[in-house]
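J.: One file: input-v5.cif (mmCIF, C-alpha atoms).
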```
data_start
#
loop_
_atom_site.label_atom_id
_atom_site.label_comp_id
_atom_site.auth_asym_id
_atom_site.auth_seq_id
_atom_site.Cartn_x
_atom_site.Cartn_y
_atom_site.Cartn_z
CA MET A 5 130.48 105.71 -155.15
CA GLU A 6 126.85 105.27 -154.20
CA THR A 7 124.21 106.23 -151.66
CA TYR A 8 124.16 104.08 -148.52
CA GLN A 9 121.22 103.36 -146.24
CA VAL A 10 120.75 101.91 -142.78
CA GLU A 11 117.73 101.62 -140.50
CA LEU A 12 118.21 104.10 -137.68
CA LYS A 13 116.65 104.12 -134.22
CA GLY A 14 117.08 106.82 -131.60
CA ALA A 15 117.49 110.59 -131.87
CA GLU A 16 121.30 110.60 -132.01
CA ALA A 17 121.46 107.95 -134.73
CA GLU A 18 118.80 109.80 -136.74
CA GLN A 19 120.84 113.00 -136.51
CA ILE A 20 123.85 111.19 -137.94
CA GLY A 21 121.61 109.83 -140.66
CA CYS A 22 120.47 113.34 -141.54
CA ARG A 23 124.05 114.54 -141.73
CA SER A 24 124.80 111.66 -144.07
CA ARG A 25 121.73 112.34 -146.18
CA LEU A 26 122.62 116.00 -146.60
CA TYR A 27 126.10 115.12 -147.84
CA SER A 28 124.46 112.82 -150.39
CA LEU A 29 121.99 115.46 -151.57
CA LEU A 30 124.70 118.08 -151.93
CA SER A 31 126.86 115.62 -153.85
CA SER A 32 124.07 114.94 -156.33
CA GLY A 33 123.56 118.69 -156.74
CA PHE A 34 127.14 119.20 -157.89
CA ARG A 35 127.03 116.41 -160.47
CA PHE A 36 126.07 117.21 -164.04
CA PRO A 37 122.30 117.79 -163.70
CA SER A 38 120.25 114.82 -164.80
CA ALA A 39 116.61 115.25 -165.75
CA GLU A 40 115.73 114.08 -162.24
CA ILE A 41 117.86 116.77 -160.57
CA TYR A 42 116.41 119.39 -162.91
CA GLU A 43 112.84 118.35 -162.07
CA GLY A 44 113.70 118.38 -158.38
CA ALA A 45 114.93 121.95 -158.63
CA LYS A 46 112.05 123.03 -160.83
CA THR A 47 109.33 121.63 -158.58
CA GLY A 48 111.00 122.56 -155.29
CA LYS A 49 111.39 118.91 -154.30
CA PHE A 50 115.17 119.20 -154.02
CA ALA A 51 114.97 122.22 -151.70
CA ALA A 52 112.22 120.54 -149.65
CA GLU A 53 114.31 117.40 -149.19
CA ILE A 54 117.25 119.46 -148.01
CA GLN A 55 115.12 121.54 -145.64
CA ALA A 56 113.60 118.41 -144.10
CA VAL A 57 117.06 117.04 -143.39
CA ILE A 58 118.35 120.35 -142.01
CA THR A 59 115.66 120.46 -139.33
CA ASN A 60 117.08 117.27 -137.77
CA LEU A 61 120.76 118.22 -137.65
CA PRO A 62 122.49 118.48 -134.24
CA TYR A 63 123.02 122.23 -134.76
CA SER A 64 120.99 125.15 -136.10
CA GLY A 65 121.56 128.03 -138.51
CA LEU A 66 121.17 126.35 -141.90
CA THR A 67 118.40 126.81 -144.44
CA ALA A 68 117.75 125.51 -147.93
CA GLY A 69 117.13 129.11 -148.95
CA GLU A 70 116.23 129.88 -152.54
CA LEU A 71 117.29 126.66 -154.23
CA GLY A 72 115.11 126.37 -157.30
CA ARG A 73 114.78 130.07 -158.12
CA GLU A 74 115.66 129.26 -161.72
CA THR A 75 112.54 127.19 -162.26
CA GLY A 76 111.77 129.09 -165.46
CA LEU A 77 114.71 127.45 -167.22
CA SER A 78 114.33 124.45 -169.49
CA CYS A 79 116.33 121.32 -168.71
CA GLU A 80 118.71 122.16 -171.54
CA GLU A 81 119.23 125.70 -170.21
CA PHE A 82 119.78 124.38 -166.69
CA GLN A 83 122.40 121.95 -167.97
CA SER A 84 123.97 124.68 -170.10
CA ASN A 85 124.41 126.82 -166.98
CA TYR A 86 126.27 123.96 -165.30
CA ILE A 87 128.54 123.46 -168.31
CA GLY A 88 129.25 127.16 -168.65
CA LEU A 89 130.07 127.57 -164.98
CA PHE A 90 131.99 124.39 -164.18
CA GLU A 91 133.22 122.78 -167.39
CA VAL A 92 133.83 125.24 -170.23
CA GLY A 93 135.96 128.37 -170.14
CA ASN A 94 138.87 130.17 -171.73
CA ASN A 95 142.55 129.20 -171.64
CA ASP A 96 142.46 129.48 -167.83
CA GLY A 97 139.60 127.00 -167.52
CA PRO A 98 135.96 127.43 -166.46
CA PRO A 99 134.79 130.27 -164.19
CA CYS A 100 134.63 127.86 -161.26
CA PHE A 101 136.58 124.61 -160.90
CA LEU A 102 134.99 121.73 -159.00
CA TYR A 103 138.36 120.01 -158.53
CA GLU A 104 140.31 120.57 -155.32
CA ALA A 105 143.72 120.25 -156.97
CA GLU A 106 143.01 123.24 -159.23
CA TYR A 107 143.14 125.52 -156.20
CA ALA A 108 146.14 124.31 -154.21
CA GLY A 109 148.71 121.65 -153.49
CA GLY A 110 149.59 120.26 -156.91
CA ARG A 111 147.31 117.96 -158.90
CA MET A 112 148.98 114.60 -158.26
CA LYS A 113 149.71 115.32 -154.60
CA VAL A 114 146.10 116.28 -153.83
CA MET A 115 144.61 113.37 -155.75
CA GLU A 116 146.97 110.91 -154.02
CA GLU A 117 146.03 112.28 -150.60
CA VAL A 118 142.31 112.07 -151.37
CA LEU A 119 142.66 108.54 -152.75
CA ARG A 120 144.43 107.43 -149.58
CA PHE A 121 141.36 108.45 -147.60
CA TYR A 122 139.07 106.60 -150.01
CA HIS A 123 141.15 103.43 -150.14
CA HIS A 124 141.59 103.32 -146.36
CA PHE A 125 137.83 102.84 -146.07
CA GLY A 126 137.60 100.37 -148.93
CA LEU A 127 136.14 102.85 -151.39
CA ARG A 128 136.70 102.91 -155.13
CA LEU A 129 135.47 105.51 -157.61
CA SER A 130 132.68 104.48 -159.94
CA THR A 131 133.95 103.36 -163.33
CA GLU A 132 130.76 104.76 -164.88
CA LYS A 133 131.34 108.36 -163.78
CA ARG A 134 135.04 108.33 -164.77
CA ASP A 135 135.85 111.43 -162.75
CA ARG A 136 138.86 112.58 -160.77
CA PRO A 137 138.88 111.70 -157.06
CA ASP A 138 139.18 115.37 -156.07
CA HIS A 139 135.87 116.38 -157.69
CA LEU A 140 133.65 118.19 -155.18
CA ALA A 141 130.79 115.75 -155.67
CA SER A 142 133.10 112.80 -154.96
CA GLU A 143 134.45 114.41 -151.80
CA LEU A 144 130.91 115.12 -150.54
CA GLU A 145 129.96 111.53 -151.38
CA PHE A 146 132.91 110.31 -149.35
CA MET A 147 131.62 112.24 -146.34
CA HIS A 148 128.25 110.61 -146.94
CA LEU A 149 129.97 107.23 -146.69
CA LEU A 150 131.87 108.12 -143.51
CA THR A 151 128.77 109.40 -141.74
CA PHE A 152 126.86 106.33 -142.89
CA LYS A 153 129.54 104.12 -141.35
CA GLU A 154 129.41 106.23 -138.19
CA ALA A 155 125.65 105.69 -137.98
CA LYS A 156 125.95 101.97 -138.66
CA ALA A 157 128.60 101.61 -135.97
CA MET A 158 126.25 103.24 -133.48
CA VAL A 159 123.37 100.97 -134.51
CA ASP A 160 125.63 97.91 -134.18
CA GLY A 161 127.00 99.06 -130.82
CA LYS A 162 130.53 99.43 -132.20
CA GLU A 163 133.21 102.11 -131.82
CA SER A 164 132.80 105.03 -134.24
CA GLY A 165 135.91 107.05 -133.34
CA ALA A 166 137.84 106.15 -136.49
CA TYR A 167 135.03 107.48 -138.68
CA LEU A 168 134.70 110.69 -136.68
CA LYS A 169 138.44 111.33 -136.87
CA ALA A 170 138.41 110.77 -140.63
CA GLU A 171 135.45 113.13 -140.98
CA ARG A 172 137.27 115.85 -139.05
CA ASP A 173 140.52 115.37 -140.96
CA PHE A 174 138.89 115.26 -144.39
CA LEU A 175 136.91 118.42 -143.67
CA ARG A 176 139.94 120.24 -142.27
CA PHE A 177 142.46 119.29 -144.94
CA HIS A 178 140.30 118.95 -148.04
CA LEU A 179 136.58 119.64 -148.27
CA SER A 180 136.22 122.87 -146.27
CA ASP A 181 138.92 124.72 -148.23
CA LEU A 182 137.55 123.43 -151.54
CA LEU A 183 134.06 124.68 -150.73
CA MET A 184 135.41 128.05 -149.66
CA ALA A 185 137.20 128.39 -153.00
CA VAL A 186 134.13 127.27 -154.96
CA GLY A 187 131.89 129.66 -153.03
CA LYS A 188 134.13 132.61 -153.94
CA ARG A 189 134.22 131.67 -157.62
CA VAL A 190 130.59 130.79 -158.13
CA GLY A 191 129.11 133.84 -156.41
CA GLY A 192 129.89 136.38 -159.12
CA ASN A 193 128.45 134.41 -162.03
CA ARG A 194 124.70 134.93 -161.46
CA VAL A 195 123.88 131.24 -161.66
CA LEU A 196 121.56 131.39 -158.69
CA PHE A 197 120.89 127.71 -158.08
CA TYR A 198 124.59 126.87 -157.90
CA THR A 199 125.42 130.01 -155.92
CA ASP A 200 122.88 128.98 -153.27
CA LEU A 201 124.02 125.35 -153.37
CA ALA A 202 127.69 126.30 -152.91
CA HIS A 203 126.95 128.63 -150.00
CA LEU A 204 124.75 126.04 -148.30
CA ALA A 205 127.45 123.37 -148.70
CA GLU A 206 130.15 125.70 -147.39
CA ASN A 207 128.10 126.71 -144.33
CA PHE A 208 127.11 123.11 -143.64
CA CYS A 209 130.70 121.89 -143.70
CA GLN A 210 131.85 124.73 -141.46
CA LYS A 211 129.19 123.78 -138.91
CA GLU A 212 130.08 120.11 -139.33
CA LEU A 213 133.73 120.75 -138.56
CA ALA A 214 132.93 122.90 -135.52
CA TYR A 215 130.54 120.20 -134.27
CA LEU A 216 133.03 117.39 -134.79
CA LEU A 217 135.81 119.31 -133.10
CA THR A 218 133.53 119.86 -130.10
CA ILE A 219 132.80 116.13 -129.93
CA GLY A 220 136.52 115.41 -130.08
CA LYS A 221 137.29 117.77 -127.22
CA GLY A 222 134.54 116.20 -125.18
CA GLY A 223 136.13 112.80 -125.57
CA LYS A 224 132.87 111.13 -126.56
CA SER A 225 134.17 109.30 -129.59
CA ASP A 226 137.96 108.96 -129.58
#
```
Could you quickly redo this structure as structure tokens?
T.:
Amino acid sequence: METYQVELKGAEAEQIGCRSRLYSLLSSGFRFPSAEIYEGAKTGKFAAEIQAVITNLPYSGLTAGELGRETGLSCEEFQSNYIGLFEVGNNDGPPCFLYEAEYAGGRMKVMEEVLRFYHHFGLRLSTEKRDRPDHLASELEFMHLLTFKEAKAMVDGKESGAYLKAERDFLRFHLSDLLMAVGKRVGGNRVLFYTDLAHLAENFCQKELAYLLTIGKGGKSD
């Protein structure tokens, strides 16, 4: 998967663009931290980017918070925190899984359901990342794609209902529950950057779902 861009005009289209951008930023935050992500956290750039996007969402109540509190860590220590929290553990696995299927539904069943969403919109996982489709970063990236397509449909004067329905369904049946599970697991491990990131992502997706359900009831998109 990759980051998508489109030139947006008008307040409503820009709001969709900010929703899409936030999904992309959150996705990058849950990938193994590159030197660029580390520098962004260390300098406050990552938190500032998120806060700038939040101010243009179609709802209030979100804040970037304390992302970047661990600025005293070296890049190696920052990466070690990620590995220790999400990748390495005892016989039961790491303290916090980033894979949806590890929490419910059966591994193959969940991955098949997620892949059906991806394939329906012509999406294939990157061969470079070689990760499972139910990884949290991949699911957030998928929502980035859907909201991008929603924005592009608006710019092109086309119907966006199919994208909105997919957004609602994917949040309801996959991403929201995954983030709730991750938020519970990550909170007790004192890895502050990822605790804040998980809570921000969970709150954002809850507000997204409530917003999308309101749009659906209003009949503006379906």
J.: Record the distance separating atom CA of A:Ala205 and atom CA of A:Ser31, expressed in Å with one decimal.
T.: 9.3 Å
J.: In Å, rounded to a single decimal, give me how far atom CA of A:Tyr103 is from atom CA of A:Asp135.
T.: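 So the answer is 9.9 Å.
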J.: Decode the PyMOL selection byres ((chain A and resi 104) around 9) for the given file into explicit residues and return them as a PyMOL selection string.
T.: chain A and resi 101-103+105-109+111+114-115+138-140+178-179+181-183+185
J.: Take atom CA of A:Asn60 and atom CA of A:Gly44 and report the distance between them in Å, one decimal.
T.: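 About the pair atom CA of A:Asn60 and atom CA of A:Gly44: they are 20.9 Å apart.
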J.: Compile the contact shell of A:Thr59 as a list in words: residues with an atom at most 10 Å away, counting all atoms listed in the file, same-chain residues fewer than 6 positions apart removed.
T.: Gln19, Cys22, Gly65, Leu66 and Thr67 of chain A
J.: Check the smallest atom-to-atom distance from each of A:Leu61, A:Cys100, A:Glu143, A:Leu213 to A:Gly192 using all atoms listed in the file, then report the winner.
T.: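 Nearest to A:Gly192: A:Cys100.
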J.: For the file shown, what are the residues hit by the PyMOL selection byres ((chain A and resi 164) around 12), laid out as an NGL selection string?
T.: :A and (17 or 20 or 150-163 or 165-171 or 219-220 or 224-226)
J.: Give me a file of those residues, with C-alpha atoms, as a PDB file, keeping the file's coordinate frame.
T.:
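Just written: part.pdb:
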```
ATOM      1  CA  ALA A  17     121.460 107.950-134.730  1.00  0.00           C
ATOM      2  CA  ILE A  20     123.850 111.190-137.940  1.00  0.00           C
ATOM      3  CA  LEU A 150     131.870 108.120-143.510  1.00  0.00           C
ATOM      4  CA  THR A 151     128.770 109.400-141.740  1.00  0.00           C
ATOM      5  CA  PHE A 152     126.860 106.330-142.890  1.00  0.00           C
ATOM      6  CA  LYS A 153     129.540 104.120-141.350  1.00  0.00           C
ATOM      7  CA  GLU A 154     129.410 106.230-138.190  1.00  0.00           C
ATOM      8  CA  ALA A 155     125.650 105.690-137.980  1.00  0.00           C
ATOM      9  CA  LYS A 156     125.950 101.970-138.660  1.00  0.00           C
ATOM     10  CA  ALA A 157     128.600 101.610-135.970  1.00  0.00           C
ATOM     11  CA  MET A 158     126.250 103.240-133.480  1.00  0.00           C
ATOM     12  CA  VAL A 159     123.370 100.970-134.510  1.00  0.00           C
ATOM     13  CA  ASP A 160     125.630  97.910-134.180  1.00  0.00           C
ATOM     14  CA  GLY A 161     127.000  99.060-130.820  1.00  0.00           C
ATOM     15  CA  LYS A 162     130.530  99.430-132.200  1.00  0.00           C
ATOM     16  CA  GLU A 163     133.210 102.110-131.820  1.00  0.00           C
ATOM     17  CA  GLY A 165     135.910 107.050-133.340  1.00  0.00           C
ATOM     18  CA  ALA A 166     137.840 106.150-136.490  1.00  0.00           C
ATOM     19  CA  TYR A 167     135.030 107.480-138.680  1.00  0.00           C
ATOM     20  CA  LEU A 168     134.700 110.690-136.680  1.00  0.00           C
ATOM     21  CA  LYS A 169     138.440 111.330-136.870  1.00  0.00           C
ATOM     22  CA  ALA A 170     138.410 110.770-140.630  1.00  0.00           C
ATOM     23  CA  GLU A 171     135.450 113.130-140.980  1.00  0.00           C
ATOM     24  CA  ILE A 219     132.800 116.130-129.930  1.00  0.00           C
ATOM     25  CA  GLY A 220     136.520 115.410-130.080  1.00  0.00           C
ATOM     26  CA  LYS A 224     132.870 111.130-126.560  1.00  0.00           C
ATOM     27  CA  SER A 225     134.170 109.300-129.590  1.00  0.00           C
ATOM     28  CA  ASP A 226     137.960 108.960-129.580  1.00  0.00           C
TER      29      ASP A 226
END
```
J.: Give me the residues within 9 Å of A:Lys46 as a list in words, counting all atoms listed in the file and dropping any in the same chain fewer than 2 places off.
T.: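 Surrounding residues, per the criterion: Ile41, Tyr42, Glu43, Gly44, Gly48, Lys49, Phe50, Gly72, Arg73, Glu74, Thr75, Gly76 and Leu77 of chain A.
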J.: Determine, counting only C-alpha atoms, which protein, DNA and RNA residues have an atom within 12 Å of an atom of A:Ser64; residues of the same chain fewer than 6 positions away are not included. Present the result as a PDB file with C-alpha atoms, in the coordinates of the input.
T.:
```pdb
ATOM      1  CA  GLN A  55     115.120 121.540-145.640  1.00  0.00           C
ATOM      2  CA  VAL A  57     117.060 117.040-143.390  1.00  0.00           C
ATOM      3  CA  ILE A  58     118.350 120.350-142.010  1.00  0.00           C
ATOM      4  CA  ASN A 207     128.100 126.710-144.330  1.00  0.00           C
ATOM      5  CA  PHE A 208     127.110 123.110-143.640  1.00  0.00           C
ATOM      6  CA  LYS A 211     129.190 123.780-138.910  1.00  0.00           C
ATOM      7  CA  GLU A 212     130.080 120.110-139.330  1.00  0.00           C
ATOM      8  CA  TYR A 215     130.540 120.200-134.270  1.00  0.00           C
TER       9      TYR A 215
END
```
J.: Given the file shown, determine the residues that the PyMOL selection byres ((chain A and resi 79) around 9) selects; report them as a PyMOL selection string.
T.: chain A and resi 37-39+42-43+77-78+80-84
J.: Create the file for the chosen residues now, containing C-alpha atoms and written as a PDB file, in the coordinates of the input.
T.:
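That gives us out37.pdb:
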```
ATOM      1  CA  PRO A  37     122.300 117.790-163.700  1.00  0.00           C
ATOM      2  CA  SER A  38     120.250 114.820-164.800  1.00  0.00           C
ATOM      3  CA  ALA A  39     116.610 115.250-165.750  1.00  0.00           C
ATOM      4  CA  TYR A  42     116.410 119.390-162.910  1.00  0.00           C
ATOM      5  CA  GLU A  43     112.840 118.350-162.070  1.00  0.00           C
ATOM      6  CA  LEU A  77     114.710 127.450-167.220  1.00  0.00           C
ATOM      7  CA  SER A  78     114.330 124.450-169.490  1.00  0.00           C
ATOM      8  CA  GLU A  80     118.710 122.160-171.540  1.00  0.00           C
ATOM      9  CA  GLU A  81     119.230 125.700-170.210  1.00  0.00           C
ATOM     10  CA  PHE A  82     119.780 124.380-166.690  1.00  0.00           C
ATOM     11  CA  GLN A  83     122.400 121.950-167.970  1.00  0.00           C
ATOM     12  CA  SER A  84     123.970 124.680-170.100  1.00  0.00           C
TER      13      SER A  84
END
```
J.: Using only C-alpha atoms, can you tell me which of A:Ser180, A:Val186, A:Gly191, A:Phe174 comes closest to A:Phe34?
T.: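 Ranking A:Ser180, A:Val186, A:Gly191, A:Phe174 by distance to A:Phe34, first place goes to A:Val186.
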J.: Starting from the incomplete input, reconstruct N, CA and C atoms of stretch 99-124 of chain A and write that as a tab-separated table (two decimals), keeping the file's coordinate frame.
T.:
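The result, written out as part_28.tsv:
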```
chain	number	residue	atom	x	y	z
A	99	PRO	N	134.88	129.26	-165.24
A	99	PRO	CA	134.79	130.27	-164.19
A	99	PRO	C	134.98	129.70	-162.79
A	100	CYS	N	134.53	128.47	-162.59
A	100	CYS	CA	134.63	127.86	-161.26
A	100	CYS	C	135.00	126.39	-161.40
A	101	PHE	N	136.17	126.02	-160.89
A	101	PHE	CA	136.58	124.61	-160.90
A	101	PHE	C	135.86	123.86	-159.78
A	102	LEU	N	135.53	122.60	-160.04
A	102	LEU	CA	134.99	121.73	-159.00
A	102	LEU	C	136.02	120.73	-158.52
A	103	TYR	N	137.28	120.93	-158.91
A	103	TYR	CA	138.36	120.01	-158.53
A	103	TYR	C	139.28	120.68	-157.51
A	104	GLU	N	139.50	120.01	-156.40
A	104	GLU	CA	140.31	120.57	-155.32
A	104	GLU	C	141.72	120.92	-155.78
A	105	ALA	N	142.33	120.06	-156.59
A	105	ALA	CA	143.72	120.25	-156.97
A	105	ALA	C	143.94	121.48	-157.84
A	106	GLU	N	142.86	122.03	-158.41
A	106	GLU	CA	143.01	123.24	-159.23
A	106	GLU	C	143.21	124.48	-158.38
A	107	TYR	N	143.01	124.36	-157.08
A	107	TYR	CA	143.14	125.52	-156.20
A	107	TYR	C	144.43	125.51	-155.38
A	108	ALA	N	144.95	124.34	-155.07
A	108	ALA	CA	146.14	124.31	-154.21
A	108	ALA	C	146.76	122.92	-154.17
A	109	GLY	N	148.06	122.89	-153.87
A	109	GLY	CA	148.71	121.65	-153.49
A	109	GLY	C	149.34	120.82	-154.58
A	110	GLY	N	149.05	121.10	-155.85
A	110	GLY	CA	149.59	120.26	-156.91
A	110	GLY	C	148.64	119.11	-157.22
A	111	ARG	N	148.35	118.91	-158.50
A	111	ARG	CA	147.31	117.96	-158.90
A	111	ARG	C	147.56	116.56	-158.38
A	112	MET	N	148.73	115.99	-158.64
A	112	MET	CA	148.98	114.60	-158.26
A	112	MET	C	149.01	114.44	-156.74
A	113	LYS	N	149.61	115.40	-156.05
A	113	LYS	CA	149.71	115.32	-154.60
A	113	LYS	C	148.32	115.31	-153.96
A	114	VAL	N	147.45	116.21	-154.39
A	114	VAL	CA	146.10	116.28	-153.83
A	114	VAL	C	145.32	115.01	-154.14
A	115	MET	N	145.37	114.56	-155.38
A	115	MET	CA	144.61	113.37	-155.75
A	115	MET	C	145.11	112.14	-154.99
A	116	GLU	N	146.42	112.03	-154.79
A	116	GLU	CA	146.97	110.91	-154.02
A	116	GLU	C	146.51	110.95	-152.57
A	117	GLU	N	146.48	112.15	-151.98
A	117	GLU	CA	146.03	112.28	-150.60
A	117	GLU	C	144.56	111.90	-150.47
A	118	VAL	N	143.74	112.38	-151.40
A	118	VAL	CA	142.31	112.07	-151.37
A	118	VAL	C	142.09	110.57	-151.56
A	119	LEU	N	142.80	109.97	-152.50
A	119	LEU	CA	142.66	108.54	-152.75
A	119	LEU	C	143.06	107.70	-151.55
A	120	ARG	N	144.04	108.16	-150.79
A	120	ARG	CA	144.43	107.43	-149.58
A	120	ARG	C	143.27	107.36	-148.59
A	121	PHE	N	142.55	108.46	-148.45
A	121	PHE	CA	141.36	108.45	-147.60
A	121	PHE	C	140.35	107.43	-148.12
A	122	TYR	N	140.06	107.49	-149.43
A	122	TYR	CA	139.07	106.60	-150.01
A	122	TYR	C	139.47	105.13	-149.82
A	123	HIS	N	140.69	104.83	-150.18
A	123	HIS	CA	141.15	103.43	-150.14
A	123	HIS	C	141.21	102.89	-148.72
A	124	HIS	N	141.53	103.76	-147.76
A	124	HIS	CA	141.59	103.32	-146.36
A	124	HIS	C	140.25	102.77	-145.89
```
